[in-house]
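Structure file model-v2.tsv (TSV, C-alpha atoms) follows.
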chain	number	residue	atom	x	y	z
A	198	GLY	CA	75.64	72.76	113.48
A	199	GLN	CA	76.81	76.23	112.74
A	200	GLN	CA	74.26	78.89	113.64
A	201	LEU	CA	74.27	82.30	112.01
A	202	ASN	CA	71.58	84.73	113.03
A	203	GLN	CA	71.00	87.96	111.16
A	204	SER	CA	68.60	90.56	112.44
A	205	PRO	CA	66.33	92.21	111.88
A	206	GLN	CA	64.72	90.25	109.04
A	207	SER	CA	63.23	93.42	107.60
A	208	MET	CA	63.19	97.12	108.31
A	209	PHE	CA	60.87	99.91	107.27
A	210	ILE	CA	62.45	103.29	107.84
A	211	GLN	CA	62.02	106.88	106.79
A	212	GLU	CA	64.45	108.40	104.33
A	213	GLY	CA	67.23	110.10	106.24
A	214	GLU	CA	67.16	107.74	109.21
A	215	ASP	CA	70.13	105.70	110.32
A	216	VAL	CA	70.01	101.92	109.98
A	217	SER	CA	71.66	99.23	112.06
A	218	MET	CA	71.69	95.48	111.49
A	219	ASN	CA	73.78	92.71	112.97
A	220	CYS	CA	74.85	89.11	112.72
A	221	THR	CA	75.88	86.68	115.40
A	222	SER	CA	77.42	83.26	115.01
A	223	SER	CA	77.72	80.31	117.34
A	224	SER	CA	81.39	79.82	116.54
A	225	ILE	CA	84.43	81.84	115.53
A	226	PHE	CA	85.03	82.88	111.94
A	227	ASN	CA	87.98	84.66	110.40
A	228	THR	CA	86.23	86.79	107.83
A	229	TRP	CA	83.00	88.73	107.94
A	230	LEU	CA	81.64	90.04	104.68
A	231	TRP	CA	78.65	92.30	104.15
A	232	TYR	CA	76.85	92.15	100.81
A	233	LYS	CA	73.96	94.07	99.32
A	234	GLN	CA	71.58	92.56	96.80
A	235	GLU	CA	69.31	94.79	94.77
A	236	PRO	CA	66.23	93.39	93.02
A	237	GLY	CA	67.18	91.34	89.97
A	238	GLU	CA	70.89	91.47	90.71
A	239	GLY	CA	73.55	89.36	92.31
A	240	PRO	CA	75.04	90.22	95.72
A	241	VAL	CA	77.68	92.93	95.67
A	242	LEU	CA	80.35	93.25	98.31
A	243	LEU	CA	80.05	96.31	100.57
A	244	ILE	CA	82.59	95.77	103.32
A	245	ALA	CA	85.04	93.02	104.28
A	246	LEU	CA	86.32	92.56	107.84
A	247	TYR	CA	89.34	90.41	108.64
A	248	LYS	CA	90.42	91.25	112.20
A	249	ALA	CA	88.64	91.15	115.54
A	250	GLY	CA	87.68	94.67	116.55
A	251	GLU	CA	88.18	96.00	113.03
A	252	LEU	CA	85.98	98.98	112.20
A	253	THR	CA	85.68	99.83	108.52
A	254	SER	CA	83.75	102.51	106.67
A	255	ASN	CA	82.65	102.75	103.06
A	256	GLY	CA	80.93	106.07	102.51
A	257	ARG	CA	77.79	106.10	104.66
A	258	LEU	CA	78.32	102.47	105.64
A	259	THR	CA	80.22	101.38	108.72
A	260	ALA	CA	80.82	97.81	109.83
A	261	GLN	CA	82.66	96.27	112.74
A	262	PHE	CA	84.06	92.80	113.43
A	263	GLY	CA	83.25	91.99	117.04
A	264	ILE	CA	86.00	91.43	119.58
A	265	THR	CA	84.74	87.94	120.31
A	266	ARG	CA	84.90	87.12	116.55
A	267	LYS	CA	81.31	85.92	116.80
A	268	ASP	CA	79.41	89.01	115.75
A	269	SER	CA	79.36	91.95	113.40
A	270	PHE	CA	77.18	94.95	112.76
A	271	LEU	CA	76.52	97.10	109.73
A	272	ASN	CA	75.32	100.69	110.07
A	273	ILE	CA	74.01	102.92	107.32
A	274	SER	CA	73.79	106.62	108.09
A	275	ALA	CA	71.29	109.05	106.59
A	276	SER	CA	69.52	106.47	104.44
A	277	ILE	CA	68.54	107.31	100.87
A	278	PRO	CA	66.15	105.55	98.47
A	279	SER	CA	68.94	103.67	96.68
A	280	ASP	CA	69.81	101.91	99.94
A	281	VAL	CA	66.77	99.68	99.39
A	282	GLY	CA	67.72	96.03	99.04
A	283	ILE	CA	68.67	92.92	100.96
A	284	TYR	CA	71.79	93.03	103.09
A	285	PHE	CA	73.56	89.75	103.81
A	286	CYS	CA	76.28	88.97	106.27
A	287	VAL	CA	78.56	86.21	105.07
A	288	LEU	CA	81.06	84.33	107.15
A	289	ARG	CA	84.14	82.58	105.92
A	290	ARG	CA	86.14	80.22	108.06
A	291	PHE	CA	89.86	80.27	107.35
A	292	ARG	CA	90.48	76.67	108.38
A	293	ASP	CA	88.32	75.02	105.73
A	294	ASP	CA	86.90	77.95	103.76
A	295	LYS	CA	83.39	77.06	104.91
A	296	ILE	CA	81.07	79.89	103.87
A	297	ILE	CA	77.75	80.65	105.52
A	298	PHE	CA	75.15	83.21	104.47
A	299	GLY	CA	72.85	85.00	106.83
A	300	LYS	CA	69.19	85.03	105.78
A	301	GLY	CA	69.35	88.71	104.98
A	302	THR	CA	67.91	91.97	106.22
A	303	ARG	CA	65.39	93.52	103.85
A	304	LEU	CA	65.57	97.28	103.94
A	305	HIS	CA	62.54	99.30	102.85
A	306	ILE	CA	62.64	103.09	102.78
A	307	LEU	CA	59.47	105.08	103.10
A	308	PRO	CA	59.29	108.40	101.27
B	668	ASN	CA	87.84	92.67	83.46
B	669	ALA	CA	84.42	90.99	83.22
B	670	GLY	CA	84.48	89.30	86.66
B	671	VAL	CA	81.99	86.44	86.97
B	672	THR	CA	79.79	85.89	83.95
B	673	GLN	CA	76.88	83.47	83.90
B	674	THR	CA	74.42	82.56	81.18
B	675	PRO	CA	71.60	82.42	80.41
B	676	LYS	CA	70.01	85.28	82.34
B	677	PHE	CA	66.52	83.79	82.05
B	678	ARG	CA	65.25	80.35	81.08
B	679	ILE	CA	61.98	78.46	81.18
B	680	LEU	CA	62.21	74.68	81.26
B	681	LYS	CA	59.59	71.98	81.04
B	682	ILE	CA	59.56	69.26	83.69
B	683	GLY	CA	62.06	66.56	82.79
B	684	GLN	CA	64.14	68.70	80.46
B	685	SER	CA	67.85	69.17	80.95
B	686	MET	CA	70.00	72.26	80.73
B	687	THR	CA	73.36	73.68	81.68
B	688	LEU	CA	74.00	77.00	83.35
B	689	GLN	CA	77.33	78.36	82.25
B	690	CYS	CA	79.72	80.25	84.51
B	691	THR	CA	83.10	81.69	83.73
B	692	GLN	CA	85.45	83.99	85.64
B	693	ASP	CA	88.48	85.87	84.42
B	694	MET	CA	90.09	86.64	87.79
B	695	ASN	CA	92.11	83.40	88.01
B	696	HIS	CA	90.22	82.44	91.16
B	697	ASN	CA	90.71	78.88	92.25
B	698	TYR	CA	87.43	78.62	94.17
B	699	MET	CA	84.09	78.64	92.41
B	700	TYR	CA	80.58	78.14	93.74
B	701	TRP	CA	76.99	77.65	92.67
B	702	TYR	CA	74.20	78.97	94.89
B	703	ARG	CA	70.47	79.02	94.56
B	704	GLN	CA	68.22	81.65	96.06
B	705	ASP	CA	64.54	80.94	96.55
B	706	PRO	CA	62.09	83.85	96.91
B	707	GLY	CA	62.57	85.74	100.15
B	708	MET	CA	65.42	83.51	101.23
B	709	GLY	CA	69.18	83.64	101.53
B	710	LEU	CA	71.60	81.77	99.33
B	711	LYS	CA	72.12	78.03	99.62
B	712	LEU	CA	75.25	76.33	98.34
B	713	ILE	CA	74.67	73.68	95.68
B	714	TYR	CA	78.22	72.69	94.66
B	715	TYR	CA	81.64	74.20	94.94
B	716	SER	CA	85.09	73.63	93.53
B	717	VAL	CA	88.48	74.39	95.05
B	718	GLY	CA	90.31	74.03	91.77
B	719	ALA	CA	90.27	72.48	88.33
B	720	GLY	CA	89.31	68.81	88.50
B	721	ILE	CA	87.91	69.04	92.04
B	722	THR	CA	84.26	69.44	92.98
B	723	ASP	CA	82.31	68.95	96.20
B	724	LYS	CA	78.70	68.92	97.26
B	725	GLY	CA	77.24	71.83	99.13
B	726	GLU	CA	74.07	72.06	101.15
B	727	VAL	CA	71.54	71.24	98.40
B	728	PRO	CA	73.26	69.18	95.64
B	729	ASN	CA	70.42	66.81	94.71
B	730	GLY	CA	69.27	67.16	91.12
B	731	TYR	CA	72.43	68.95	89.98
B	732	ASN	CA	75.84	68.08	88.61
B	733	VAL	CA	78.96	70.13	88.04
B	734	SER	CA	82.33	69.83	86.40
B	735	ARG	CA	85.50	71.90	86.58
B	736	SER	CA	87.75	71.08	83.65
B	737	THR	CA	89.39	74.51	83.65
B	738	THR	CA	90.09	77.20	86.23
B	739	GLU	CA	87.82	79.63	84.41
B	740	ASP	CA	84.66	77.57	83.89
B	741	PHE	CA	82.24	75.91	86.30
B	742	PRO	CA	79.03	74.79	84.55
B	743	LEU	CA	76.00	73.61	86.51
B	744	ARG	CA	73.83	70.92	84.95
B	745	LEU	CA	70.23	70.09	85.69
B	746	GLU	CA	69.49	66.62	84.34
B	747	LEU	CA	65.74	66.19	84.93
B	748	ALA	CA	64.26	69.57	85.75
B	749	ALA	CA	61.63	69.65	88.50
B	750	PRO	CA	59.39	72.50	89.68
B	751	SER	CA	61.34	72.56	92.96
B	752	GLN	CA	64.34	73.77	90.97
B	753	THR	CA	62.60	77.00	90.06
B	754	SER	CA	64.94	79.51	91.60
B	755	VAL	CA	67.57	82.13	90.95
B	756	TYR	CA	71.04	80.67	90.52
B	757	PHE	CA	74.23	82.55	91.32
B	758	CYS	CA	77.72	81.57	90.38
B	759	ALA	CA	80.56	82.98	92.47
B	760	SER	CA	84.33	82.80	92.71
B	761	SER	CA	87.12	83.69	95.10
B	762	TYR	CA	90.73	83.06	96.00
B	763	SER	CA	91.17	80.29	98.51
B	764	GLU	CA	92.45	82.03	101.58
B	765	GLY	CA	94.26	84.92	103.10
B	766	LEU	CA	93.40	88.58	102.98
B	767	GLY	CA	91.38	89.57	99.97
B	768	ASN	CA	89.47	86.32	99.90
B	769	THR	CA	86.20	88.00	99.18
B	770	ILE	CA	83.59	86.32	97.03
B	771	TYR	CA	82.48	87.78	93.73
B	772	PHE	CA	79.05	86.96	92.35
B	773	GLY	CA	77.61	86.78	88.89
B	774	GLU	CA	74.39	88.60	88.08
B	775	GLY	CA	72.18	85.57	88.44
B	776	SER	CA	70.20	83.19	86.24
B	777	TRP	CA	66.43	83.09	86.66
B	778	LEU	CA	65.16	79.56	86.03
B	779	THR	CA	61.50	78.57	85.93
B	780	VAL	CA	60.43	74.93	85.60
B	781	VAL	CA	56.85	74.41	84.44
Please re-express this file's structure in structure tokens.
Amino acid sequence: GQQLNQSPQSMFIQEGEDVSMNCTSSSIFNTWLWYKQEPGEGPVLLIALYKAGELTSNGRLTAQFGITRKDSFLNISASIPSDVGIYFCVLRRFRDDKIIFGKGTRLHILP
Amino acid sequence: NAGVTQTPKFRILKIGQSMTLQCTQDMNHNYMYWYRQDPGMGLKLIYYSVGAGITDKGEVPNGYNVSRSTTEDFPLRLELAAPSQTSVYFCASSYSEGLGNTIYFGEGSWLTVV
């Protein structure tokens, strides 16, 4: 079956550090979405990627859709306390709209 | 524009009771979804719908039922609540395909079965 690996599972970083997380899939998908979920809330879309090689920024966030269409990374620069939460990569396959969630990367920021 | 609205926000059920989680969206999305999220885990798809009158099972459909009589509404029903259904439930919606097919989530419904 479809494999989607998101890493790392959790991160403990100092405020001000840069953060990098990634997802890899065992097959090709057409859309990569990155979501953030804060405690007690639903996931909120951060960045959407639709083309292989696409690099997109949203403030301090940068994400790229891998050339092979099987991977993506999300970077957060100069982390701040409000970056705390769970970050999910979500894949969507154009052919049948199959949607798969990564297991999430839990970001903790130390003062 | 309210987006995806789900109710109730919190609910405690006794084992064997029934209830319906309501979900409505005002974006004219044809696709709607119900997910559950267990503590420390990602989201698992329960049921989804590609349009009014059409529903399909997701990854974990047992113990749940859905209906889609209108484009806007996609209620999730628990017939005989069990402790294993204690979870956070998220409704979501999207357009079917093409650019802009991102998924929008509701704020979640916290359900505890005791």
Could you list the residues in chain A lying within 9 Å of chain B, using all atoms listed in the file, and format the result as a ChimeraX atom specification?
/A:228,230,237-242,245,247,285,289,291-292,294,296-301
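When all atoms listed in the file are used to measure the gap to Leu271 of chain A, the shortest distance among A:Ser217, A:Ser207, A:Ser224, A:Gln200 belongs to A:Ser217.
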Atom CA of Asn202 of chain A and atom CA of Trp229 of chain A, how far apart in Å?
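Interatomic distance here is 13.1 Å.
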Just the number, please: distance in Å from atom CA of Arg735 of chain B to atom CA of His696 of chain B, one decimal.
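Between atom CA of Arg735 of chain B and atom CA of His696 of chain B the gap works out to 12.4 Å.
With all atoms listed in the file taken into account, the protein and nucleic acid residues at most 12 Å from Gly213 of chain A (excluding it and anything under 2 positions from it in its own chain) are Ile210, Gln211, Asp215, Val216, Arg257, Ile273, Ser274, Ala275, Ser276, Ile277, Pro278, Ser279, Asp280, Ile306, Leu307 and Pro308 of chain A.
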Rounded to one decimal, what separation in Å do you get between atom CA of Ile283 of chain A and atom CA of Leu201 of chain A?
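According to the coordinates, atom CA of Ile283 of chain A and atom CA of Leu201 of chain A are separated by 16.3 Å.
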Might you pull out every residue within 7 Å of Thr672 of chain B, with all atoms listed in the file counted and same-chain residues fewer than 6 positions away left off, and present them as a PyMOL selection string?
chain B and resi 690-692+773
Would you please work out which residue, of B:Ala749, B:Met699, B:Met686, B:Ala669, is nearest to Asn732 of chain B when using only C-alpha atoms?
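Of B:Ala749, B:Met699, B:Met686, B:Ala669, the one nearest Asn732 of chain B is B:Met686, counting only C-alpha atoms.
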Tell me which of A:Leu258, A:Leu252, A:Ile264, A:Leu246 sits closest to Tyr284 of chain A, counting only C-alpha atoms.
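With only C-alpha atoms as the atom set, the closest residue is A:Leu258.
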Restricting the calculation to all atoms listed in the file: of B:Ala748, B:Val733, B:Ala719, B:Leu688, which residue gets closest to Pro675 of chain B?
B:Leu688
Under the rule that all atoms listed in the file are counted, which of B:Gly718, B:Pro742, B:Pro728, B:Gly683 is the nearest residue to Asn697 of chain B?
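Smallest separation from Asn697 of chain B among the options: B:Gly718.
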